[in-house]
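Structure file entry_17.csv (CSV, C-alpha atoms) follows.
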```
chain,number,residue,atom,x,y,z
D,2,MET,CA,7.7,-5.7,-2.0
D,3,SER,CA,5.8,-4.6,1.2
D,4,GLU,CA,2.1,-5.1,1.5
D,5,PRO,CA,0.8,-2.0,-0.3
D,6,GLY,CA,-1.6,-0.9,2.5
D,7,ALA,CA,1.1,-1.1,5.2
D,8,ALA,CA,3.7,0.6,3.0
D,9,LEU,CA,1.3,3.4,2.2
D,10,ARG,CA,0.6,4.0,5.9
D,11,GLN,CA,4.3,4.1,6.6
D,12,ILE,CA,5.0,6.6,3.8
D,13,GLN,CA,2.1,8.8,4.8
D,14,ALA,CA,3.6,9.1,8.2
D,15,ILE,CA,6.9,10.4,6.9
D,16,PRO,CA,7.1,14.3,6.7
D,17,PHE,CA,9.6,14.1,3.8
D,18,PHE,CA,6.8,12.9,1.5
D,19,ASP,CA,4.0,15.1,2.7
D,20,CYS,CA,4.2,17.3,-0.4
D,21,LEU,CA,3.1,14.4,-2.7
D,22,SER,CA,-0.4,13.6,-3.8
D,23,ASN,CA,-2.2,10.5,-2.7
D,24,THR,CA,-1.7,9.0,-6.2
D,25,GLN,CA,2.0,9.6,-6.0
D,26,LEU,CA,2.2,8.2,-2.4
D,27,GLN,CA,0.5,5.0,-3.7
D,28,LEU,CA,3.1,4.8,-6.4
D,29,LEU,CA,5.8,5.0,-3.8
D,30,ALA,CA,4.1,2.3,-1.8
D,31,ARG,CA,4.0,-0.1,-4.7
D,32,MET,CA,7.8,0.4,-5.3
D,33,SER,CA,8.7,0.0,-1.6
D,34,ARG,CA,9.6,-2.9,0.6
D,35,GLU,CA,10.4,-3.2,4.3
D,36,ARG,CA,13.8,-4.6,5.3
D,37,SER,CA,14.6,-5.9,8.8
D,38,TYR,CA,18.1,-5.9,10.3
D,39,GLY,CA,19.8,-7.5,13.3
D,40,LYS,CA,22.4,-5.6,15.3
D,41,GLY,CA,25.5,-5.2,13.3
D,42,MET,CA,24.0,-6.0,9.9
D,43,LEU,CA,25.1,-3.9,7.0
D,44,VAL,CA,22.7,-1.9,4.9
D,45,PHE,CA,25.4,-1.2,2.3
D,46,LEU,CA,29.1,-0.9,2.0
D,47,LYS,CA,31.3,2.0,0.9
D,48,GLY,CA,31.6,1.8,-2.8
D,49,ASP,CA,28.3,0.0,-3.4
D,50,GLN,CA,26.2,1.5,-6.2
D,51,PRO,CA,22.9,3.0,-4.9
D,52,THR,CA,19.7,1.7,-6.3
D,53,GLY,CA,17.1,3.3,-4.0
D,54,LEU,CA,16.3,5.5,-1.0
D,55,PHE,CA,16.2,4.4,2.7
D,56,VAL,CA,13.8,5.6,5.4
D,57,VAL,CA,14.3,4.6,9.0
D,58,ILE,CA,11.2,3.0,10.5
D,59,SER,CA,12.6,1.9,13.8
D,60,GLY,CA,15.8,1.2,15.6
D,61,THR,CA,19.2,2.9,15.3
D,62,PHE,CA,21.5,3.0,12.3
D,63,LYS,CA,25.0,4.5,11.7
D,64,MET,CA,26.7,5.9,8.6
D,65,ALA,CA,30.5,5.7,9.0
D,66,CYS,CA,33.8,5.7,7.3
D,67,GLN,CA,36.6,3.3,8.2
D,68,SER,CA,40.4,3.7,7.8
D,69,PRO,CA,42.6,0.9,6.5
D,70,ARG,CA,43.8,0.4,10.1
D,71,GLY,CA,40.3,-0.1,11.4
D,72,GLY,CA,39.7,3.3,12.9
D,73,GLU,CA,36.1,4.6,12.4
D,74,LYS,CA,34.4,8.0,12.1
D,75,VAL,CA,30.7,8.0,12.5
D,76,ILE,CA,29.1,10.5,10.1
D,77,ASP,CA,25.5,10.4,11.1
D,78,LEU,CA,23.0,8.5,13.3
D,79,PRO,CA,19.7,8.8,11.4
D,80,ALA,CA,16.6,8.5,13.7
D,81,PRO,CA,13.2,7.0,12.8
D,82,GLY,CA,11.6,9.0,10.1
D,83,ARG,CA,14.9,10.1,8.6
D,84,VAL,CA,15.7,9.6,4.9
D,85,PHE,CA,19.2,8.7,3.8
D,86,GLY,CA,21.2,7.7,0.7
D,87,GLU,CA,19.5,10.4,-1.5
D,88,ALA,CA,22.7,12.3,-2.5
D,89,ALA,CA,24.5,9.2,-3.9
D,90,LEU,CA,21.3,8.1,-5.6
D,91,LEU,CA,20.7,11.3,-7.4
D,92,LEU,CA,24.4,11.7,-8.3
D,93,GLY,CA,24.6,8.1,-9.5
D,94,SER,CA,27.8,7.7,-7.6
D,95,PRO,CA,29.0,5.0,-5.2
D,96,TYR,CA,28.3,5.4,-1.5
D,97,PRO,CA,31.2,7.2,0.2
D,98,TYR,CA,30.5,5.5,3.5
D,99,TYR,CA,28.9,2.4,4.9
D,100,ALA,CA,25.6,2.0,6.8
D,101,ALA,CA,24.8,-0.6,9.5
D,102,ALA,CA,22.3,-1.3,12.2
D,103,LEU,CA,23.3,-0.6,15.8
D,104,SER,CA,20.2,-2.4,17.1
D,105,PRO,CA,17.4,-4.6,15.8
D,106,ALA,CA,15.9,-2.2,13.3
D,107,ARG,CA,13.7,-1.7,10.2
D,108,LEU,CA,14.1,0.3,7.0
D,109,LEU,CA,11.8,1.1,4.2
D,110,TYR,CA,13.6,0.7,0.9
D,111,ILE,CA,12.2,2.7,-2.0
D,112,ASP,CA,13.3,1.9,-5.6
D,113,GLY,CA,15.2,4.7,-7.2
D,114,SER,CA,13.3,4.6,-10.5
D,115,VAL,CA,10.1,5.9,-8.9
D,116,LEU,CA,12.1,8.7,-7.1
D,117,TYR,CA,13.6,9.9,-10.4
D,118,GLU,CA,10.0,9.9,-11.9
D,119,LEU,CA,8.6,11.9,-9.0
D,120,VAL,CA,11.5,14.4,-9.1
D,121,GLY,CA,10.7,15.1,-12.7
D,122,ALA,CA,7.0,15.2,-12.2
D,123,SER,CA,6.8,17.3,-9.0
D,124,PRO,CA,8.7,20.5,-8.7
D,125,THR,CA,7.7,20.7,-5.0
D,126,PHE,CA,9.2,17.3,-4.4
D,127,ALA,CA,12.4,18.2,-6.3
D,128,GLN,CA,12.7,21.2,-4.1
D,129,ARG,CA,12.2,19.1,-1.0
D,130,MET,CA,14.9,16.7,-2.2
D,131,MET,CA,17.4,19.6,-2.9
D,132,PHE,CA,16.6,21.1,0.5
D,133,HIS,CA,17.3,17.8,2.2
D,134,ILE,CA,20.6,17.5,0.4
D,135,ALA,CA,21.5,21.1,1.3
D,136,GLN,CA,20.8,20.4,4.9
D,137,GLY,CA,23.2,17.5,4.8
D,138,ILE,CA,25.9,19.6,3.3
D,139,SER,CA,25.3,22.3,5.9
D,140,SER,CA,25.6,19.7,8.7
D,141,VAL,CA,28.9,18.4,7.3
D,142,LEU,CA,30.3,21.9,7.2
D,143,ASN,CA,29.1,22.6,10.8
D,144,ASP,CA,30.8,19.3,11.8
D,145,LEU,CA,34.0,20.4,10.1
D,146,GLU,CA,33.9,23.7,11.9
D,147,ASP,CA,33.4,21.9,15.2
D,148,TYR,CA,36.3,19.6,14.7
D,149,CYS,CA,38.7,22.4,13.7
D,150,MET,CA,37.6,25.3,15.9
D,151,ARG,CA,35.7,23.9,19.0
D,152,ALA,CA,36.9,22.0,22.0
D,153,PRO,CA,35.1,18.8,23.0
D,154,ARG,CA,33.0,20.6,25.7
D,155,GLN,CA,31.8,23.1,23.1
D,156,ARG,CA,30.8,20.3,20.7
D,157,VAL,CA,28.8,18.5,23.3
D,158,ALA,CA,27.2,21.8,24.4
D,159,ARG,CA,26.2,22.6,20.8
D,160,TYR,CA,24.7,19.1,20.3
D,161,LEU,CA,22.7,19.5,23.5
D,162,LEU,CA,21.6,23.0,22.6
D,163,ASP,CA,20.5,21.9,19.1
D,164,SER,CA,18.6,18.9,20.5
D,165,VAL,CA,16.6,20.9,23.1
D,166,THR,CA,13.2,21.9,21.7
D,167,LYS,CA,11.8,23.1,25.0
D,168,GLY,CA,13.0,25.3,27.9
D,169,ASP,CA,15.2,24.4,30.8
D,170,GLY,CA,14.7,20.8,32.1
D,171,ALA,CA,14.2,19.3,28.7
D,172,PRO,CA,15.7,15.8,28.5
D,173,VAL,CA,18.1,14.8,25.7
D,174,SER,CA,18.8,11.1,24.9
D,175,PHE,CA,22.0,10.1,23.3
D,176,PRO,CA,21.2,8.3,19.9
D,177,ALA,CA,23.7,5.5,20.4
D,178,LEU,CA,26.2,3.9,22.7
D,179,ARG,CA,28.7,6.3,24.3
D,180,HIS,CA,31.7,5.4,22.1
D,181,ILE,CA,29.6,5.6,18.9
D,182,PHE,CA,28.1,9.0,19.9
D,183,ALA,CA,31.7,10.2,20.8
D,184,SER,CA,32.8,9.3,17.3
D,185,ARG,CA,29.9,11.2,15.8
D,186,LEU,CA,31.1,14.3,17.6
D,187,GLY,CA,34.7,13.7,16.6
D,188,MET,CA,36.2,12.8,20.0
D,189,THR,CA,37.2,9.9,22.2
D,190,PRO,CA,34.8,8.4,24.7
D,191,GLU,CA,37.1,9.7,27.4
D,192,ALA,CA,36.9,13.2,26.0
D,193,LEU,CA,33.1,13.0,25.9
D,194,SER,CA,32.9,11.9,29.5
D,195,ARG,CA,35.1,14.8,30.6
D,196,ALA,CA,33.0,17.2,28.6
D,197,LEU,CA,29.8,16.0,30.2
D,198,ARG,CA,31.4,16.2,33.6
D,199,ASP,CA,32.6,19.7,32.9
D,200,LEU,CA,29.1,20.8,31.8
D,201,LYS,CA,27.6,19.2,34.8
D,202,ASP,CA,30.1,20.9,37.1
D,203,ALA,CA,29.2,24.2,35.4
D,204,GLY,CA,25.6,23.7,36.5
D,205,VAL,CA,24.1,23.6,33.0
D,206,ILE,CA,23.2,19.9,32.7
D,207,GLU,CA,22.2,16.9,34.8
D,208,VAL,CA,23.5,13.5,33.6
D,209,CYS,CA,21.8,10.1,34.1
D,210,LYS,CA,23.2,7.3,32.0
D,211,ARG,CA,22.1,7.9,28.3
D,212,THR,CA,19.8,10.8,29.3
D,213,THR,CA,21.0,14.3,29.9
D,214,ARG,CA,18.8,17.1,31.2
D,215,VAL,CA,19.5,20.7,30.3
D,216,VAL,CA,18.9,22.9,33.4
D,217,ASP,CA,20.3,26.2,32.2
D,218,ARG,CA,19.8,26.8,28.4
D,219,GLU,CA,21.1,30.4,28.4
D,220,LYS,CA,24.4,29.4,30.0
D,221,LEU,CA,24.7,26.4,27.7
D,222,ALA,CA,24.4,28.7,24.7
D,223,VAL,CA,27.2,30.9,26.1
D,224,LEU,CA,29.5,27.9,26.5
D,225,VAL,CA,29.0,27.0,22.8
D,226,GLY,CA,30.8,30.1,21.9
```
Please re-express this file's structure in structure tokens.
Amino acid sequence: MSEPGAALRQIQAIPFFDCLSNTQLQLLARMSRERSYGKGMLVFLKGDQPTGLFVVISGTFKMACQSPRGGEKVIDLPAPGRVFGEAALLLGSPYPYYAAALSPARLLYIDGSVLYELVGASPTFAQRMMFHIAQGISSVLNDLEDYCMRAPRQRVARYLLDSVTKGDGAPVSFPALRHIFASRLGMTPEALSRALRDLKDAGVIEVCKRTTRVVDREKLAVLVG
């Protein structure tokens, strides 16, 4: 288990748990432990039975599915502060994907028994959990629409538009290496490069390695379609 004081401070800094009382947060801290991962290390495999919840402390992780021939589809790239694994935990079903570290990284693992207890004791936390799962379902449906209905340029434009929280000139950093990020958007690295080049030629972005700067947000929104 993590040192209680350190675990408590970590949990208090995570917005997902800000609806809980201090006593409930202390309970979470006692049932938590920090895990460190090197690049490429697995968090869990597809088919593993969930026993707890994961919170990203630092570094980059990917959740992905792999075909028998070795092809891979990246489902999500949870950033620091993100919670994952909650749907399989609450359903009591095996993970439908695997999770691995893309860089040296740290997770906070929270034992599932305390989460079941808090869901039963706190209607607000239960609502928070349901809302988080609903967001995940909505994201999957949006991805499906993108893959079926939008060209690569439109998918990249939507990602950039969703990522920008400020006006024109706001920088957006890609959450992973180019080929991994391309898989997340359901395209090849070559298609991603072409899409970025097209958006740059259209005058809506500036590209510098892993950082892209949106220079015309209104025009970018039009390109999303």
Identify, on the basis of all atoms listed in the file, every residue whose closest approach to Asp77 in chain D does not exceed 12 Å; exclude the query and any residue fewer than 5 positions from it along the same chain; express the result as a PyMOL selection string.
-> chain D and resi 61-66+83-86+98-101+137+140-141+144+176-177+181-187
Residue among D:Val215, D:Cys149, D:Ala88, D:Leu29 lying closest to His133 in chain D, counting all atoms listed in the file = D:Ala88
Name the residues, using the chain letters and numbers of the file, that sit within 12 Å of (3.9, 0.3, -6.2) when counting only C-alpha atoms, and give them as a PyMOL selection string.
-> chain D and resi 2-9+12+24-34+111-112+114-116
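Across D:Gly82, D:Gly226, D:Gly113, D:Pro16, the tightest approach to Leu54 in chain D is made by D:Gly113 when counting only C-alpha atoms.
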Check the smallest atom-to-atom distance from each of D:Pro79, D:Met42, D:Arg129, D:Pro69 to Ser104 in chain D using all atoms listed in the file, then report the winner.
->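 The closest residue to Ser104 in chain D is D:Met42.
Considering the residues D:Ala122, D:Val157, D:Val44, D:Leu145 and counting only C-alpha atoms, Ala192 in chain D has its shortest atom-to-atom contact with D:Val157.
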Can you work out which one of D:Leu43, D:Leu91, D:Ala196, D:Val208 has the shortest atom-to-atom distance to Ala152 in chain D, counting only C-alpha atoms?
-> D:Ala196
Pick the closest to Gln67 in chain D from D:Leu46, D:Val165, D:Ala203, D:Ala80: which is it, counting only C-alpha atoms?
-> D:Leu46
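Take CA of Thr213 in chain D and CA of Pro172 in chain D: the distance between them is 5.7 Å.
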Residue contacts of Ala222 in chain D (10 Å, all atoms listed in the file) excluding same-chain residues fewer than 6 positions away, as a PyMOL selection string = chain D and resi 155+158-159+161-163+205
Report the distance between CA of Val56 in chain D and CA of Tyr110 in chain D in Å, rounded to one decimal place.
->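 Rounded to one decimal, the two atoms are 6.7 Å apart.
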What lies within 7 Å of Tyr38 in chain D using only C-alpha atoms, ignoring chain neighbours under 3 positions off, as a ChimeraX atom specification?
-> /D:42,102,105-107
Please measure the separation of CA of Leu21 in chain D and CA of Ile138 in chain D, giving the value in Å to one decimal.
->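 Between CA of Leu21 in chain D and CA of Ile138 in chain D the gap works out to 24.1 Å.
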Which polymer residues have any atom within 9 Å of an atom of range 92-94 of chain D, counting all atoms listed in the file, with same-chain residues fewer than 6 positions away left out, as a PyMOL selection string?
-> chain D and resi 48-52
Take range 23-156 of chain D from the block and save it with C-alpha atoms, as a PDB file, in the first residue's frame.
```pdb
ATOM      1  CA  ASN D  23     -12.497  13.756   3.940  1.00  0.00           C
ATOM      2  CA  THR D  24     -13.306  10.529   5.802  1.00  0.00           C
ATOM      3  CA  GLN D  25     -14.144   8.791   2.522  1.00  0.00           C
ATOM      4  CA  LEU D  26     -10.961  10.132   0.904  1.00  0.00           C
ATOM      5  CA  GLN D  27      -8.930   8.766   3.798  1.00  0.00           C
ATOM      6  CA  LEU D  28     -10.575   5.385   3.256  1.00  0.00           C
ATOM      7  CA  LEU D  29      -9.571   5.497  -0.411  1.00  0.00           C
ATOM      8  CA  ALA D  30      -6.020   6.392   0.569  1.00  0.00           C
ATOM      9  CA  ARG D  31      -5.750   3.393   2.875  1.00  0.00           C
ATOM     10  CA  MET D  32      -6.898   1.096   0.077  1.00  0.00           C
ATOM     11  CA  SER D  33      -4.570   2.563  -2.557  1.00  0.00           C
ATOM     12  CA  ARG D  34      -1.052   1.906  -3.677  1.00  0.00           C
ATOM     13  CA  GLU D  35       1.201   3.514  -6.222  1.00  0.00           C
ATOM     14  CA  ARG D  36       2.591   1.466  -9.094  1.00  0.00           C
ATOM     15  CA  SER D  37       5.512   2.440 -11.300  1.00  0.00           C
ATOM     16  CA  TYR D  38       5.947   1.300 -14.908  1.00  0.00           C
ATOM     17  CA  GLY D  39       8.760   1.370 -17.402  1.00  0.00           C
ATOM     18  CA  LYS D  40       8.144   2.043 -21.087  1.00  0.00           C
ATOM     19  CA  GLY D  41       6.261  -0.880 -22.635  1.00  0.00           C
ATOM     20  CA  MET D  42       5.240  -2.491 -19.336  1.00  0.00           C
ATOM     21  CA  LEU D  43       1.714  -3.918 -19.202  1.00  0.00           C
ATOM     22  CA  VAL D  44      -0.872  -2.706 -16.696  1.00  0.00           C
ATOM     23  CA  PHE D  45      -3.254  -5.532 -17.588  1.00  0.00           C
ATOM     24  CA  LEU D  46      -4.044  -7.831 -20.496  1.00  0.00           C
ATOM     25  CA  LYS D  47      -7.252  -8.270 -22.444  1.00  0.00           C
ATOM     26  CA  GLY D  48      -9.261 -10.931 -20.609  1.00  0.00           C
ATOM     27  CA  ASP D  49      -7.809 -10.180 -17.170  1.00  0.00           C
ATOM     28  CA  GLN D  50     -10.380  -9.902 -14.395  1.00  0.00           C
ATOM     29  CA  PRO D  51     -10.494  -6.392 -12.881  1.00  0.00           C
ATOM     30  CA  THR D  52      -9.834  -5.980  -9.173  1.00  0.00           C
ATOM     31  CA  GLY D  53      -9.567  -2.218  -8.864  1.00  0.00           C
ATOM     32  CA  LEU D  54      -9.525   1.226 -10.446  1.00  0.00           C
ATOM     33  CA  PHE D  55      -6.539   3.007 -11.992  1.00  0.00           C
ATOM     34  CA  VAL D  56      -5.689   6.711 -11.852  1.00  0.00           C
ATOM     35  CA  VAL D  57      -2.865   8.141 -13.981  1.00  0.00           C
ATOM     36  CA  ILE D  58      -0.382  10.072 -11.836  1.00  0.00           C
ATOM     37  CA  SER D  59       2.284  10.761 -14.458  1.00  0.00           C
ATOM     38  CA  GLY D  60       3.462   9.575 -17.843  1.00  0.00           C
ATOM     39  CA  THR D  61       1.542   8.235 -20.819  1.00  0.00           C
ATOM     40  CA  PHE D  62      -0.535   5.078 -21.101  1.00  0.00           C
ATOM     41  CA  LYS D  63      -2.472   3.489 -23.935  1.00  0.00           C
ATOM     42  CA  MET D  64      -5.504   1.234 -23.998  1.00  0.00           C
ATOM     43  CA  ALA D  65      -5.592  -0.859 -27.156  1.00  0.00           C
ATOM     44  CA  CYS D  66      -6.926  -3.955 -28.898  1.00  0.00           C
ATOM     45  CA  GLN D  67      -4.729  -6.264 -30.959  1.00  0.00           C
ATOM     46  CA  SER D  68      -5.705  -8.545 -33.825  1.00  0.00           C
ATOM     47  CA  PRO D  69      -4.413 -12.127 -34.172  1.00  0.00           C
ATOM     48  CA  ARG D  70      -2.161 -10.865 -36.984  1.00  0.00           C
ATOM     49  CA  GLY D  71      -0.564  -8.254 -34.733  1.00  0.00           C
ATOM     50  CA  GLY D  72      -2.466  -5.192 -35.910  1.00  0.00           C
ATOM     51  CA  GLU D  73      -3.340  -2.721 -33.195  1.00  0.00           C
ATOM     52  CA  LYS D  74      -6.117  -0.187 -32.590  1.00  0.00           C
ATOM     53  CA  VAL D  75      -5.479   2.360 -29.860  1.00  0.00           C
ATOM     54  CA  ILE D  76      -8.718   3.090 -28.001  1.00  0.00           C
ATOM     55  CA  ASP D  77      -7.621   5.779 -25.564  1.00  0.00           C
ATOM     56  CA  LEU D  78      -4.593   7.626 -24.250  1.00  0.00           C
ATOM     57  CA  PRO D  79      -5.502   8.599 -20.682  1.00  0.00           C
ATOM     58  CA  ALA D  80      -3.648  11.670 -19.426  1.00  0.00           C
ATOM     59  CA  PRO D  81      -2.523  12.416 -15.843  1.00  0.00           C
ATOM     60  CA  GLY D  82      -5.554  12.752 -13.576  1.00  0.00           C
ATOM     61  CA  ARG D  83      -7.663  10.408 -15.716  1.00  0.00           C
ATOM     62  CA  VAL D  84      -9.419   7.387 -14.237  1.00  0.00           C
ATOM     63  CA  PHE D  85      -9.728   4.157 -16.236  1.00  0.00           C
ATOM     64  CA  GLY D  86     -10.921   0.581 -15.801  1.00  0.00           C
ATOM     65  CA  GLU D  87     -14.139   1.552 -14.028  1.00  0.00           C
ATOM     66  CA  ALA D  88     -16.614  -0.006 -16.503  1.00  0.00           C
ATOM     67  CA  ALA D  89     -15.107  -3.511 -16.378  1.00  0.00           C
ATOM     68  CA  LEU D  90     -14.795  -3.254 -12.596  1.00  0.00           C
ATOM     69  CA  LEU D  91     -18.451  -2.364 -12.036  1.00  0.00           C
ATOM     70  CA  LEU D  92     -19.638  -4.945 -14.565  1.00  0.00           C
ATOM     71  CA  GLY D  93     -17.405  -7.602 -13.070  1.00  0.00           C
ATOM     72  CA  SER D  94     -16.359  -8.572 -16.603  1.00  0.00           C
ATOM     73  CA  PRO D  95     -12.884  -9.143 -18.085  1.00  0.00           C
ATOM     74  CA  TYR D  96     -11.082  -6.206 -19.680  1.00  0.00           C
ATOM     75  CA  PRO D  97     -11.948  -5.983 -23.405  1.00  0.00           C
ATOM     76  CA  TYR D  98      -8.566  -4.364 -24.191  1.00  0.00           C
ATOM     77  CA  TYR D  99      -5.057  -4.208 -22.770  1.00  0.00           C
ATOM     78  CA  ALA D 100      -3.299  -1.259 -21.122  1.00  0.00           C
ATOM     79  CA  ALA D 101       0.419  -0.476 -21.231  1.00  0.00           C
ATOM     80  CA  ALA D 102       2.817   2.360 -20.447  1.00  0.00           C
ATOM     81  CA  LEU D 103       4.193   4.360 -23.373  1.00  0.00           C
ATOM     82  CA  SER D 104       6.809   6.047 -21.199  1.00  0.00           C
ATOM     83  CA  PRO D 105       8.113   5.782 -17.638  1.00  0.00           C
ATOM     84  CA  ALA D 106       4.885   6.348 -15.737  1.00  0.00           C
ATOM     85  CA  ARG D 107       3.027   5.967 -12.460  1.00  0.00           C
ATOM     86  CA  LEU D 108      -0.499   4.856 -11.574  1.00  0.00           C
ATOM     87  CA  LEU D 109      -2.515   4.895  -8.402  1.00  0.00           C
ATOM     88  CA  TYR D 110      -4.295   1.568  -7.972  1.00  0.00           C
ATOM     89  CA  ILE D 111      -7.427   1.644  -5.789  1.00  0.00           C
ATOM     90  CA  ASP D 112      -8.844  -1.648  -4.531  1.00  0.00           C
ATOM     91  CA  GLY D 113     -12.266  -2.375  -5.993  1.00  0.00           C
ATOM     92  CA  SER D 114     -13.852  -3.308  -2.653  1.00  0.00           C
ATOM     93  CA  VAL D 115     -13.673   0.270  -1.355  1.00  0.00           C
ATOM     94  CA  LEU D 116     -15.167   1.614  -4.585  1.00  0.00           C
ATOM     95  CA  TYR D 117     -18.163  -0.716  -4.290  1.00  0.00           C
ATOM     96  CA  GLU D 118     -18.583   0.510  -0.718  1.00  0.00           C
ATOM     97  CA  LEU D 119     -18.464   4.190  -1.734  1.00  0.00           C
ATOM     98  CA  VAL D 120     -20.883   3.699  -4.632  1.00  0.00           C
ATOM     99  CA  GLY D 121     -23.381   2.221  -2.170  1.00  0.00           C
ATOM    100  CA  ALA D 122     -22.789   4.851   0.503  1.00  0.00           C
ATOM    101  CA  SER D 123     -22.636   8.006  -1.635  1.00  0.00           C
ATOM    102  CA  PRO D 124     -25.330   8.702  -4.265  1.00  0.00           C
ATOM    103  CA  THR D 125     -23.241  11.642  -5.480  1.00  0.00           C
ATOM    104  CA  PHE D 126     -20.234   9.421  -6.090  1.00  0.00           C
ATOM    105  CA  ALA D 127     -22.442   6.811  -7.780  1.00  0.00           C
ATOM    106  CA  GLN D 128     -23.708   9.547 -10.121  1.00  0.00           C
ATOM    107  CA  ARG D 129     -20.130  10.635 -10.773  1.00  0.00           C
ATOM    108  CA  MET D 130     -19.191   7.082 -11.683  1.00  0.00           C
ATOM    109  CA  MET D 131     -22.188   6.698 -14.012  1.00  0.00           C
ATOM    110  CA  PHE D 132     -21.453  10.040 -15.659  1.00  0.00           C
ATOM    111  CA  HIS D 133     -17.841   9.001 -16.254  1.00  0.00           C
ATOM    112  CA  ILE D 134     -18.940   5.724 -17.853  1.00  0.00           C
ATOM    113  CA  ALA D 135     -21.512   7.567 -19.969  1.00  0.00           C
ATOM    114  CA  GLN D 136     -18.778   9.925 -21.185  1.00  0.00           C
ATOM    115  CA  GLY D 137     -16.736   6.906 -22.224  1.00  0.00           C
ATOM    116  CA  ILE D 138     -19.656   5.458 -24.185  1.00  0.00           C
ATOM    117  CA  SER D 139     -20.265   8.811 -25.867  1.00  0.00           C
ATOM    118  CA  SER D 140     -16.597   9.023 -26.825  1.00  0.00           C
ATOM    119  CA  VAL D 141     -16.706   5.552 -28.388  1.00  0.00           C
ATOM    120  CA  LEU D 142     -19.809   6.495 -30.401  1.00  0.00           C
ATOM    121  CA  ASN D 143     -18.147   9.703 -31.585  1.00  0.00           C
ATOM    122  CA  ASP D 144     -15.118   7.684 -32.653  1.00  0.00           C
ATOM    123  CA  LEU D 145     -17.331   5.251 -34.545  1.00  0.00           C
ATOM    124  CA  GLU D 146     -19.004   8.135 -36.365  1.00  0.00           C
ATOM    125  CA  ASP D 147     -15.596   9.551 -37.238  1.00  0.00           C
ATOM    126  CA  TYR D 148     -14.298   6.264 -38.640  1.00  0.00           C
ATOM    127  CA  CYS D 149     -17.414   5.699 -40.738  1.00  0.00           C
ATOM    128  CA  MET D 150     -18.379   9.216 -41.793  1.00  0.00           C
ATOM    129  CA  ARG D 151     -15.355  11.540 -41.642  1.00  0.00           C
ATOM    130  CA  ALA D 152     -12.192  11.760 -43.715  1.00  0.00           C
ATOM    131  CA  PRO D 153      -8.813  11.798 -41.939  1.00  0.00           C
ATOM    132  CA  ARG D 154      -8.521  15.588 -42.253  1.00  0.00           C
ATOM    133  CA  GLN D 155     -11.900  16.016 -40.529  1.00  0.00           C
ATOM    134  CA  ARG D 156     -10.916  13.631 -37.701  1.00  0.00           C
TER     135      ARG D 156
END
```
